[in-house]
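Dropping input05.tsv in here (TSV, C-alpha atoms):
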chain	number	residue	atom	x	y	z
B	1	MET	CA	0.00	0.00	0.00
B	2	ALA	CA	2.80	2.39	0.91
B	3	GLU	CA	4.53	1.54	-2.34
B	4	LEU	CA	1.36	2.30	-4.26
B	5	LEU	CA	1.03	5.68	-2.50
B	6	ARG	CA	4.66	6.51	-3.33
B	7	THR	CA	3.95	5.76	-6.98
B	8	LYS	CA	0.95	8.04	-7.06
B	9	ALA	CA	2.83	10.82	-5.37
B	10	ARG	CA	5.77	10.58	-7.78
B	11	LYS	CA	6.11	13.32	-10.46
B	12	PRO	CA	5.08	12.07	-13.91
B	13	GLN	CA	8.00	11.17	-16.23
B	14	TYR	CA	6.28	12.05	-19.53
B	15	CYS	CA	5.03	15.21	-21.17
B	16	SER	CA	1.40	15.90	-21.90
B	17	LEU	CA	0.31	15.03	-25.48
B	18	GLY	CA	-2.19	17.88	-25.59
B	19	PRO	CA	0.08	20.53	-27.18
B	20	VAL	CA	1.61	18.02	-29.58
B	21	ALA	CA	-1.78	16.90	-30.80
B	22	PHE	CA	-2.88	20.51	-31.24
B	23	LEU	CA	0.26	21.30	-33.27
B	24	LEU	CA	-0.32	18.30	-35.55
B	25	ILE	CA	-3.92	19.34	-36.16
B	26	MET	CA	-2.83	22.87	-37.08
B	27	LEU	CA	-0.19	21.57	-39.52
B	28	PHE	CA	-2.77	19.32	-41.13
B	29	LEU	CA	-5.12	22.25	-41.66
B	30	VAL	CA	-2.33	24.43	-43.06
B	31	PHE	CA	-1.26	21.89	-45.66
B	32	PHE	CA	-4.60	20.43	-46.64
B	33	GLY	CA	-7.11	23.06	-45.64
B	34	ALA	CA	-6.34	25.32	-48.56
B	35	GLY	CA	-7.25	22.57	-50.98
B	36	ILE	CA	-10.33	21.54	-49.08
B	37	LEU	CA	-11.60	25.08	-48.57
B	38	SER	CA	-10.47	26.42	-51.94
B	39	PRO	CA	-13.23	28.33	-53.79
B	40	ARG	CA	-12.14	26.47	-56.99
B	41	MET	CA	-13.52	23.23	-55.53
B	42	PRO	CA	-17.30	22.94	-55.13
B	43	MET	CA	-18.47	22.35	-51.59
B	44	LEU	CA	-20.54	19.30	-50.78
B	45	GLY	CA	-24.18	19.93	-51.48
B	46	THR	CA	-23.48	22.66	-54.07
B	47	ARG	CA	-22.96	22.61	-57.82
B	48	GLN	CA	-21.48	24.98	-60.30
B	49	GLU	CA	-23.53	26.84	-62.87
B	50	GLY	CA	-24.38	24.66	-65.87
B	51	ALA	CA	-23.21	21.50	-64.16
B	52	GLY	CA	-26.68	20.09	-63.62
B	53	GLU	CA	-27.17	18.80	-67.15
B	54	ALA	CA	-23.64	17.44	-67.35
B	55	ALA	CA	-24.02	15.63	-64.08
B	56	GLU	CA	-27.13	13.92	-65.31
B	57	LYS	CA	-25.46	12.62	-68.50
B	58	PRO	CA	-22.95	9.75	-68.49
B	59	ILE	CA	-19.43	10.73	-69.48
B	60	SER	CA	-18.70	9.65	-73.06
B	61	LEU	CA	-15.15	8.28	-73.56
B	62	PRO	CA	-13.62	7.26	-76.91
B	63	VAL	CA	-13.50	3.51	-77.44
B	64	VAL	CA	-10.28	2.04	-78.87
B	65	THR	CA	-10.45	-1.46	-80.31
B	66	LEU	CA	-7.17	-3.36	-80.33
B	67	PRO	CA	-6.64	-6.25	-82.75
B	68	ARG	CA	-7.29	-9.61	-81.19
B	69	TYR	CA	-4.15	-11.64	-80.49
B	70	SER	CA	-3.92	-14.74	-82.64
B	71	VAL	CA	-1.63	-17.52	-81.51
B	72	PHE	CA	-2.27	-19.34	-84.76
B	73	LYS	CA	-1.26	-16.42	-86.91
B	74	GLY	CA	1.61	-15.52	-84.60
B	75	HIS	CA	0.96	-11.78	-84.99
B	76	LEU	CA	1.63	-9.30	-82.21
B	77	PRO	CA	-1.46	-7.78	-80.56
B	78	ILE	CA	-0.24	-4.24	-81.31
B	79	ARG	CA	1.39	-3.38	-84.62
B	80	MET	CA	4.90	-2.06	-84.02
B	81	VAL	CA	6.54	0.36	-86.44
B	82	TYR	CA	10.17	1.33	-85.83
B	83	PRO	CA	13.28	2.22	-87.86
B	84	GLN	CA	14.93	-0.62	-89.73
B	85	PRO	CA	18.27	-1.79	-88.28
B	86	LYS	CA	21.09	-1.42	-90.80
B	87	VAL	CA	23.65	-4.20	-91.24
B	88	LEU	CA	26.25	-1.76	-92.59
B	89	THR	CA	26.75	1.62	-90.93
B	90	PRO	CA	27.55	4.79	-92.95
B	91	SER	CA	31.22	4.31	-91.98
B	92	LYS	CA	31.04	0.79	-93.49
B	93	ASP	CA	31.36	-0.87	-90.08
B	94	VAL	CA	29.19	-3.93	-89.57
B	95	LEU	CA	26.37	-4.18	-87.05
B	96	VAL	CA	27.26	-6.68	-84.32
B	97	LEU	CA	24.21	-6.32	-82.05
B	98	THR	CA	20.54	-6.09	-82.99
B	99	PRO	CA	18.21	-3.53	-81.36
B	100	TRP	CA	16.79	-6.40	-79.26
B	101	LEU	CA	20.33	-7.26	-78.03
B	102	ALA	CA	20.93	-10.41	-80.06
B	103	PRO	CA	24.53	-10.78	-81.30
B	104	ILE	CA	25.25	-10.76	-85.03
B	105	VAL	CA	28.08	-13.21	-85.68
B	106	TRP	CA	30.94	-12.07	-87.91
B	107	GLU	CA	34.56	-13.13	-88.06
B	108	GLY	CA	36.37	-11.49	-85.14
B	109	THR	CA	33.35	-11.26	-82.82
B	110	PHE	CA	34.01	-14.50	-80.91
B	111	ASN	CA	36.79	-16.64	-79.44
B	112	ILE	CA	36.21	-20.17	-80.67
B	113	ASP	CA	38.56	-21.74	-78.12
B	114	ILE	CA	36.52	-20.38	-75.22
B	115	LEU	CA	33.24	-21.37	-76.85
B	116	ASN	CA	34.44	-24.88	-77.72
B	117	GLU	CA	35.43	-25.49	-74.11
B	118	GLN	CA	32.07	-24.25	-72.81
B	119	PHE	CA	30.12	-26.55	-75.12
B	120	ARG	CA	32.41	-29.52	-74.47
B	121	VAL	CA	31.73	-29.16	-70.74
B	122	GLN	CA	28.02	-29.29	-71.53
B	123	ASN	CA	28.61	-32.42	-73.65
B	124	VAL	CA	26.22	-31.22	-76.35
B	125	THR	CA	25.16	-33.11	-79.45
B	126	ILE	CA	24.21	-31.14	-82.55
B	127	GLY	CA	21.76	-32.40	-85.15
B	128	LEU	CA	22.10	-31.29	-88.78
B	129	THR	CA	18.99	-31.85	-90.90
B	130	VAL	CA	19.16	-31.91	-94.69
B	131	PHE	CA	16.61	-32.87	-97.35
B	132	ALA	CA	17.90	-34.76	-100.40
B	133	ILE	CA	14.72	-35.31	-102.40
B	134	LYS	CA	14.68	-36.53	-106.00
B	135	LYS	CA	17.67	-35.22	-107.99
B	136	TYR	CA	18.90	-33.14	-105.06
B	137	VAL	CA	20.52	-36.29	-103.73
B	138	VAL	CA	23.43	-35.55	-106.10
B	139	PHE	CA	24.52	-32.72	-103.77
B	140	LEU	CA	24.64	-34.91	-100.69
B	141	LYS	CA	28.18	-36.27	-101.03
B	142	LEU	CA	29.81	-32.83	-101.24
B	143	PHE	CA	27.59	-31.54	-98.45
B	144	LEU	CA	28.59	-34.34	-96.06
B	145	GLU	CA	32.27	-34.35	-96.99
B	146	THR	CA	32.67	-30.62	-96.44
B	147	ALA	CA	30.59	-30.78	-93.24
B	148	GLU	CA	33.01	-33.37	-91.88
B	149	GLU	CA	35.86	-30.98	-92.62
B	150	HIS	CA	34.34	-27.74	-91.27
B	151	PHE	CA	31.07	-28.28	-89.34
B	152	MET	CA	31.19	-28.52	-85.52
B	153	VAL	CA	34.65	-30.07	-85.54
B	154	GLY	CA	35.41	-31.66	-82.17
B	155	HIS	CA	31.75	-32.05	-81.20
B	156	LYS	CA	29.20	-34.83	-81.46
B	157	VAL	CA	27.01	-34.55	-84.55
B	158	ASN	CA	24.02	-36.48	-85.90
B	159	TYR	CA	23.42	-36.01	-89.62
B	160	TYR	CA	19.70	-36.50	-90.35
B	161	VAL	CA	19.27	-37.07	-94.08
B	162	PHE	CA	15.64	-36.98	-95.28
B	163	THR	CA	15.34	-38.58	-98.69
B	164	ASP	CA	13.03	-40.51	-100.97
B	165	ARG	CA	16.08	-42.34	-102.38
B	166	PRO	CA	17.83	-44.00	-99.44
B	167	ALA	CA	19.79	-46.33	-101.73
B	168	ASP	CA	21.49	-43.29	-103.31
B	169	VAL	CA	22.82	-41.87	-100.04
B	170	PRO	CA	26.64	-41.93	-100.36
B	171	ARG	CA	28.94	-43.55	-97.83
B	172	VAL	CA	31.13	-40.82	-96.34
B	173	PRO	CA	33.81	-41.50	-93.68
B	174	LEU	CA	32.83	-39.84	-90.40
B	175	ARG	CA	34.85	-38.62	-87.44
B	176	GLY	CA	34.40	-40.21	-84.03
B	177	GLY	CA	31.19	-39.25	-82.26
B	178	ARG	CA	29.37	-38.48	-85.48
B	179	ARG	CA	26.51	-40.48	-87.02
B	180	LEU	CA	24.64	-40.51	-90.31
B	181	LEU	CA	20.94	-41.39	-90.02
B	182	VAL	CA	18.87	-41.84	-93.17
B	183	LEU	CA	15.15	-41.07	-92.78
B	184	GLN	CA	12.93	-42.03	-95.69
B	185	VAL	CA	10.20	-39.59	-96.66
B	186	PRO	CA	7.96	-39.39	-99.74
B	187	GLY	CA	8.88	-37.21	-102.70
B	188	ALA	CA	6.64	-34.54	-104.23
B	189	ALA	CA	5.70	-33.49	-107.73
B	190	ARG	CA	6.68	-29.83	-107.18
B	191	TRP	CA	9.88	-28.55	-105.60
B	192	GLN	CA	7.77	-25.96	-103.77
B	193	ASP	CA	5.94	-28.78	-101.99
B	194	VAL	CA	9.26	-30.38	-101.03
B	195	SER	CA	10.35	-27.07	-99.54
B	196	MET	CA	7.12	-26.49	-97.62
B	197	ARG	CA	6.84	-30.06	-96.33
B	198	ARG	CA	10.20	-29.59	-94.65
B	199	MET	CA	8.59	-27.58	-91.83
B	200	GLU	CA	6.01	-30.27	-91.11
B	201	THR	CA	8.60	-33.06	-91.24
B	202	ILE	CA	11.10	-31.35	-88.93
B	203	SER	CA	8.32	-30.51	-86.47
B	204	ARG	CA	7.12	-34.10	-86.41
B	205	PHE	CA	10.59	-35.58	-85.96
B	206	CYS	CA	11.40	-33.09	-83.21
B	207	ALA	CA	8.64	-34.66	-81.16
B	208	GLN	CA	9.38	-38.24	-82.22
B	209	ARG	CA	13.16	-38.36	-81.75
B	210	PHE	CA	15.18	-35.13	-81.95
B	211	LEU	CA	14.16	-34.03	-78.45
B	212	HIS	CA	15.64	-37.29	-77.14
B	213	GLU	CA	18.78	-37.42	-79.28
B	214	VAL	CA	20.30	-33.93	-79.71
B	215	ASP	CA	20.52	-30.59	-77.90
B	216	PHE	CA	20.55	-28.26	-80.90
B	217	LEU	CA	19.29	-28.50	-84.48
B	218	VAL	CA	20.78	-26.86	-87.55
B	219	CYS	CA	18.49	-26.96	-90.60
B	220	ALA	CA	20.33	-26.55	-93.92
B	221	ASP	CA	19.72	-26.91	-97.64
B	222	VAL	CA	21.60	-29.73	-99.33
B	223	ASP	CA	22.87	-27.68	-102.29
B	224	LEU	CA	25.47	-25.97	-100.09
B	225	ARG	CA	29.05	-26.74	-99.22
B	226	PHE	CA	31.00	-25.83	-96.14
B	227	ARG	CA	34.10	-23.88	-97.04
B	228	ASP	CA	35.39	-22.62	-93.68
B	229	HIS	CA	34.80	-23.09	-89.98
B	230	VAL	CA	31.15	-23.31	-88.86
B	231	GLY	CA	31.05	-24.15	-85.17
B	232	VAL	CA	29.34	-23.68	-81.84
B	233	GLU	CA	29.47	-19.89	-82.17
B	234	ILE	CA	26.22	-20.17	-84.14
B	235	LEU	CA	24.33	-22.05	-81.43
B	236	SER	CA	21.57	-20.28	-79.53
B	237	ALA	CA	17.94	-20.84	-78.60
B	238	ARG	CA	16.79	-19.53	-82.00
B	239	PHE	CA	19.20	-18.40	-84.73
B	240	ALA	CA	18.69	-17.22	-88.29
B	241	THR	CA	20.97	-16.14	-91.15
B	242	LEU	CA	20.94	-12.87	-93.07
B	243	HIS	CA	20.06	-13.45	-96.73
B	244	PRO	CA	23.14	-12.66	-98.86
B	245	GLY	CA	21.04	-10.85	-101.44
B	246	PHE	CA	19.33	-8.47	-98.99
B	247	TYR	CA	21.73	-7.74	-96.14
B	248	ARG	CA	22.30	-4.20	-97.52
B	249	ALA	CA	18.75	-3.56	-98.76
B	250	ALA	CA	16.01	-1.36	-97.35
B	251	ARG	CA	13.08	-3.26	-95.89
B	252	ARG	CA	10.76	-2.09	-98.69
B	253	ALA	CA	12.92	-4.09	-101.11
B	254	PHE	CA	12.66	-7.31	-99.09
B	255	THR	CA	10.74	-10.06	-100.86
B	256	TYR	CA	8.38	-10.61	-97.96
B	257	GLU	CA	4.88	-11.87	-98.66
B	258	ARG	CA	2.92	-8.63	-99.23
B	259	ARG	CA	-0.61	-9.97	-99.72
B	260	PRO	CA	-2.69	-9.52	-96.55
B	261	ARG	CA	-4.63	-12.73	-97.29
B	262	SER	CA	-1.56	-14.82	-96.47
B	263	ARG	CA	-0.51	-15.70	-92.94
B	264	ALA	CA	3.04	-14.80	-94.02
B	265	HIS	CA	2.05	-11.18	-94.79
B	266	ILE	CA	4.44	-8.44	-93.64
B	267	PRO	CA	3.55	-4.77	-94.41
B	268	ARG	CA	6.11	-2.63	-96.23
B	269	ASP	CA	6.85	-0.50	-93.17
B	270	GLN	CA	7.72	-3.50	-91.01
B	271	GLY	CA	10.60	-5.95	-90.84
B	272	ASP	CA	14.08	-6.13	-89.34
B	273	PHE	CA	16.12	-8.23	-91.75
B	274	TYR	CA	15.39	-10.69	-94.52
B	275	TYR	CA	16.41	-14.16	-93.35
B	276	VAL	CA	17.34	-16.99	-95.69
B	277	GLY	CA	15.42	-20.24	-95.36
B	278	ALA	CA	18.48	-22.35	-96.19
B	279	PHE	CA	20.25	-22.09	-92.80
B	280	PHE	CA	18.50	-21.67	-89.45
B	281	GLY	CA	18.12	-23.53	-86.18
B	282	GLY	CA	18.30	-23.45	-82.40
B	283	SER	CA	17.40	-25.62	-79.46
B	284	VAL	CA	15.20	-28.56	-80.39
B	285	ALA	CA	12.25	-27.15	-78.45
B	286	GLU	CA	12.52	-23.77	-80.20
B	287	VAL	CA	12.92	-25.34	-83.65
B	288	GLN	CA	9.84	-27.44	-82.97
B	289	ARG	CA	7.84	-24.31	-82.09
B	290	LEU	CA	9.08	-22.48	-85.18
B	291	THR	CA	8.46	-25.29	-87.66
B	292	SER	CA	5.07	-26.14	-86.13
B	293	ALA	CA	3.93	-22.52	-86.40
B	294	CYS	CA	5.10	-22.24	-90.00
B	295	HIS	CA	3.39	-25.51	-90.92
B	296	ARG	CA	0.10	-24.35	-89.36
B	297	ALA	CA	0.31	-21.05	-91.22
B	298	MET	CA	0.99	-22.80	-94.55
B	299	THR	CA	-1.92	-25.16	-93.93
B	300	ALA	CA	-4.21	-22.17	-93.31
B	301	ASP	CA	-2.97	-20.49	-96.49
B	302	ARG	CA	-3.65	-23.63	-98.51
B	303	ALA	CA	-7.19	-23.75	-97.13
B	304	ASN	CA	-7.63	-20.12	-98.25
B	305	GLY	CA	-6.29	-20.84	-101.73
B	306	ILE	CA	-3.05	-18.86	-101.42
B	307	GLU	CA	0.64	-19.82	-101.44
B	308	ALA	CA	3.25	-17.44	-100.02
B	309	VAL	CA	5.61	-15.96	-102.59
B	310	TRP	CA	8.69	-17.72	-101.22
B	311	HIS	CA	6.89	-20.61	-99.57
B	312	ASP	CA	8.41	-21.74	-96.27
B	313	GLU	CA	10.97	-18.91	-96.33
B	314	SER	CA	8.14	-16.35	-96.36
B	315	HIS	CA	6.57	-17.98	-93.31
B	316	LEU	CA	9.96	-18.22	-91.60
B	317	ASN	CA	10.40	-14.45	-91.97
B	318	ARG	CA	6.91	-13.77	-90.61
B	319	TYR	CA	7.62	-15.96	-87.58
B	320	LEU	CA	11.00	-14.34	-86.91
B	321	LEU	CA	9.49	-10.87	-87.07
B	322	ASP	CA	7.21	-11.78	-84.17
B	323	HIS	CA	9.69	-14.06	-82.38
B	324	LYS	CA	13.06	-12.38	-82.76
B	325	PRO	CA	16.13	-14.57	-83.21
B	326	THR	CA	18.35	-14.79	-80.14
B	327	LYS	CA	21.36	-14.84	-82.48
B	328	VAL	CA	21.77	-13.65	-86.07
B	329	LEU	CA	24.39	-15.07	-88.43
B	330	SER	CA	26.05	-12.73	-90.89
B	331	PRO	CA	26.07	-13.59	-94.62
B	332	GLU	CA	29.45	-15.26	-94.04
B	333	TYR	CA	27.37	-18.29	-93.10
B	334	LEU	CA	25.58	-18.49	-96.43
B	335	TRP	CA	26.93	-16.80	-99.53
B	336	ASP	CA	26.67	-17.11	-103.30
B	337	GLU	CA	30.08	-16.24	-104.69
B	338	GLN	CA	29.02	-16.92	-108.28
B	339	LEU	CA	26.32	-14.24	-108.11
B	340	LEU	CA	27.77	-11.82	-105.57
B	341	GLY	CA	31.55	-12.14	-105.78
B	342	TRP	CA	33.54	-11.68	-102.57
B	343	PRO	CA	33.08	-8.19	-101.06
B	344	ALA	CA	35.63	-6.81	-98.62
B	345	VAL	CA	33.14	-6.81	-95.74
B	346	MET	CA	33.18	-10.64	-95.83
B	347	GLU	CA	36.40	-11.74	-94.15
B	348	LYS	CA	35.40	-15.40	-94.57
B	349	LEU	CA	32.95	-17.35	-96.69
B	350	ARG	CA	31.97	-20.19	-94.41
B	351	CYS	CA	29.13	-21.81	-96.33
B	352	VAL	CA	28.46	-21.22	-100.02
B	353	ALA	CA	25.84	-22.15	-102.59
B	354	VAL	CA	26.81	-24.84	-105.10
B	355	PRO	CA	26.41	-23.67	-108.72
B	356	LYS	CA	23.60	-25.54	-110.48
B	357	ASP	CA	20.95	-25.45	-113.17
B	358	HIS	CA	17.76	-24.95	-111.17
B	359	ARG	CA	15.47	-26.10	-113.96
B	360	GLU	CA	17.48	-29.26	-114.50
B	361	ILE	CA	17.47	-30.18	-110.82
B	362	ARG	CA	14.01	-29.06	-109.72
B	363	HIS	CA	12.02	-30.74	-112.44
B	364	ARG	CA	13.55	-34.21	-112.28

As a first step, turn the structure in this file into structure tokens.
Amino acid sequence: MAELLRTKARKPQYCSLGPVAFLLIMLFLVFFGAGILSPRMPMLGTRQEGAGEAAEKPISLPVVTLPRYSVFKGHLPIRMVYPQPKVLTPSKDVLVLTPWLAPIVWEGTFNIDILNEQFRVQNVTIGLTVFAIKKYVVFLKLFLETAEEHFMVGHKVNYYVFTDRPADVPRVPLRGGRRLLVLQVPGAARWQDVSMRRMETISRFCAQRFLHEVDFLVCADVDLRFRDHVGVEILSARFATLHPGFYRAARRAFTYERRPRSRAHIPRDQGDFYYVGAFFGGSVAEVQRLTSACHRAMTADRANGIEAVWHDESHLNRYLLDHKPTKVLSPEYLWDEQLLGWPAVMEKLRCVAVPKDHREIRHR
């Protein structure tokens, strides 16, 4: 009891909150009162002159309709227009990075020793698909022989040869860790159909076996020969190659599909680069997505009675406009010396077109 009385008699050890609370209230009124009591703001229960009719009517806002996103068509929901990236700068330097930060591979932009070691540690296997249909089988021997000399040297490789003439596939000596697998497929009356069926076939085999056998896929035309090093520097989730005939051209000159009826349509004010259909690839999963999308688009076009101007290449370019490559290969990786010579900007010609008579080959 005595202790309790001592506590009550003791002087308080805190200050009264009354003045503090009053000061806070005054500060609040100073800062916010002007806005609340401003004559520019109508008081509750009052209205400004002429506001009665407006208050009774709903506010009318403009309605903007955005295009519906189509997974099948692969088009972006909002149409993007931006300046075209230029492969060659005014000072004649080459572009080595795209606006979306994908590297463009030229001689001198990579250290192959470092890259080889990184991919060896990962123990990767690379698949190389090639279609040798009808008379095109005559190009297969040179293709395989030069690939053994220059393609992915020091790494495991599976050559997947799609052909309607398995008996004509040549026997080519292979390095250790490399295999040749012959996959029989039907021929076609038109070379255009052979070209377009490639997307469907690669997509189907990705699901059936490529996903279980290799880590990356490189898809190439058979009428090419490897002339210099082509290695792991090209590998990425999704890579494409600049077309040798258009790497200096303005986008309006690109031979995109321009008819809006086609799923491959690209307007004249759109497009980054023109990619060649003869050399592309990536991880197996990404190649499967790409080839499946192109096959679906070609199927839709066929149902609508239209065929894209450059067939599967047109659909490839449409897909890569919407799904940017994660790596872009310079024209060093596919060149036509017979038509284009050897310009100074090309330090190396790594893969080149084989001279041929197109009419002789395509129609037999």

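Minimum atom-to-atom distance to Thr291 (chain B), evaluated using all atoms listed in the file, belongs to B:Gly277 out of B:Gly176, B:Gly277, B:Pro85, B:Gly127.
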
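Using all atoms listed in the file, the smallest distance between any of B:Ala293, B:Val284, B:Ala253, B:Leu224 and Trp335 (chain B) comes from B:Leu224.
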
Exercise. What's the 10 Å shell around Leu140 (chain B), counting all atoms listed in the file, without same-chain residues fewer than 2 positions away, as a ChimeraX atom specification?
Worked result: /B:130-132,136-138,142-145,161,168-170,172,221-225

Just the selected residues (C-alpha atoms), exported as a CSV table (one decimal), keeping the file's coordinate frame, please.
chain,number,residue,atom,x,y,z
B,130,VAL,CA,19.2,-31.9,-94.7
B,131,PHE,CA,16.6,-32.9,-97.4
B,132,ALA,CA,17.9,-34.8,-100.4
B,136,TYR,CA,18.9,-33.1,-105.1
B,137,VAL,CA,20.5,-36.3,-103.7
B,138,VAL,CA,23.4,-35.6,-106.1
B,142,LEU,CA,29.8,-32.8,-101.2
B,143,PHE,CA,27.6,-31.5,-98.4
B,144,LEU,CA,28.6,-34.3,-96.1
B,145,GLU,CA,32.3,-34.4,-97.0
B,161,VAL,CA,19.3,-37.1,-94.1
B,168,ASP,CA,21.5,-43.3,-103.3
B,169,VAL,CA,22.8,-41.9,-100.0
B,170,PRO,CA,26.6,-41.9,-100.4
B,172,VAL,CA,31.1,-40.8,-96.3
B,221,ASP,CA,19.7,-26.9,-97.6
B,222,VAL,CA,21.6,-29.7,-99.3
B,223,ASP,CA,22.9,-27.7,-102.3
B,224,LEU,CA,25.5,-26.0,-100.1
B,225,ARG,CA,29.0,-26.7,-99.2

For this session: For a cut-off of 12 Å around (29.5, -15.1, -81.8), file coordinates, pick out all residues using all atoms listed in the file and list them as a VMD selection string.
Result: chain B and resid 96 to 97 102 to 116 230 to 236 239 326 to 330 333

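CA of Arg263 (chain B) to CA of Gly305 (chain B) spans 11.7 Å [interatomic distance, one decimal].
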
Exercise. Expressed in Å to a single decimal, how great is the separation between CA of Arg175 (chain B) and CA of Glu148 (chain B)?
Worked result: 7.1 Å

Could you name the residues that touch Pro166 (chain B) at 10 Å or less, counting all atoms listed in the file, but leaving out those on the same chain fewer than 6 positions away, as a PDB file with C-alpha atoms, in the frame of the given file?
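What ended up in result.pdb:
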ATOM      1  CA  ALA B 132      17.900 -34.760-100.400  1.00  0.00           C
ATOM      2  CA  ILE B 133      14.720 -35.310-102.400  1.00  0.00           C
ATOM      3  CA  VAL B 137      20.520 -36.290-103.730  1.00  0.00           C
ATOM      4  CA  VAL B 182      18.870 -41.840 -93.170  1.00  0.00           C
ATOM      5  CA  LEU B 183      15.150 -41.070 -92.780  1.00  0.00           C
ATOM      6  CA  GLN B 184      12.930 -42.030 -95.690  1.00  0.00           C
ATOM      7  CA  VAL B 185      10.200 -39.590 -96.660  1.00  0.00           C
TER       8      VAL B 185
END

Problem set entry | Using all atoms listed in the file: which of B:Phe139, B:Gly187, B:Glu337, B:Gly271 has the shortest distance to Arg165 (chain B) | B:Gly187

Problem set entry | For Arg252 (chain B): contacts at 9 Å, all atoms listed in the file, fewer than 3 positions along chain excluded, given as number ranges by chain | B: 249, 255-256, 267-271

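You will find CA of Asn317 (chain B) at 6.2 Å from CA of Tyr275 (chain B).
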
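Of the listed residues B:Pro83, B:Pro343, B:Gly177, B:Pro186, the one whose atoms come nearest to His155 (chain B) is B:Gly177, with distances taken using only C-alpha atoms.
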
Problem set entry | Exercise: Leu316 (chain B) partners within 9 Å, only C-alpha atoms, chain neighbours under 4 positions left out, as a PyMOL selection string | chain B and resi 264+275-277+290-291+294+311-312+320-321

For this session: For Glu332 (chain B), please output as a PyMOL selection string all residues within 7 Å (counting all atoms listed in the file; exclusion window: fewer than 2 positions along the same chain).
Result: chain B and resi 330+334-335+346+348-351
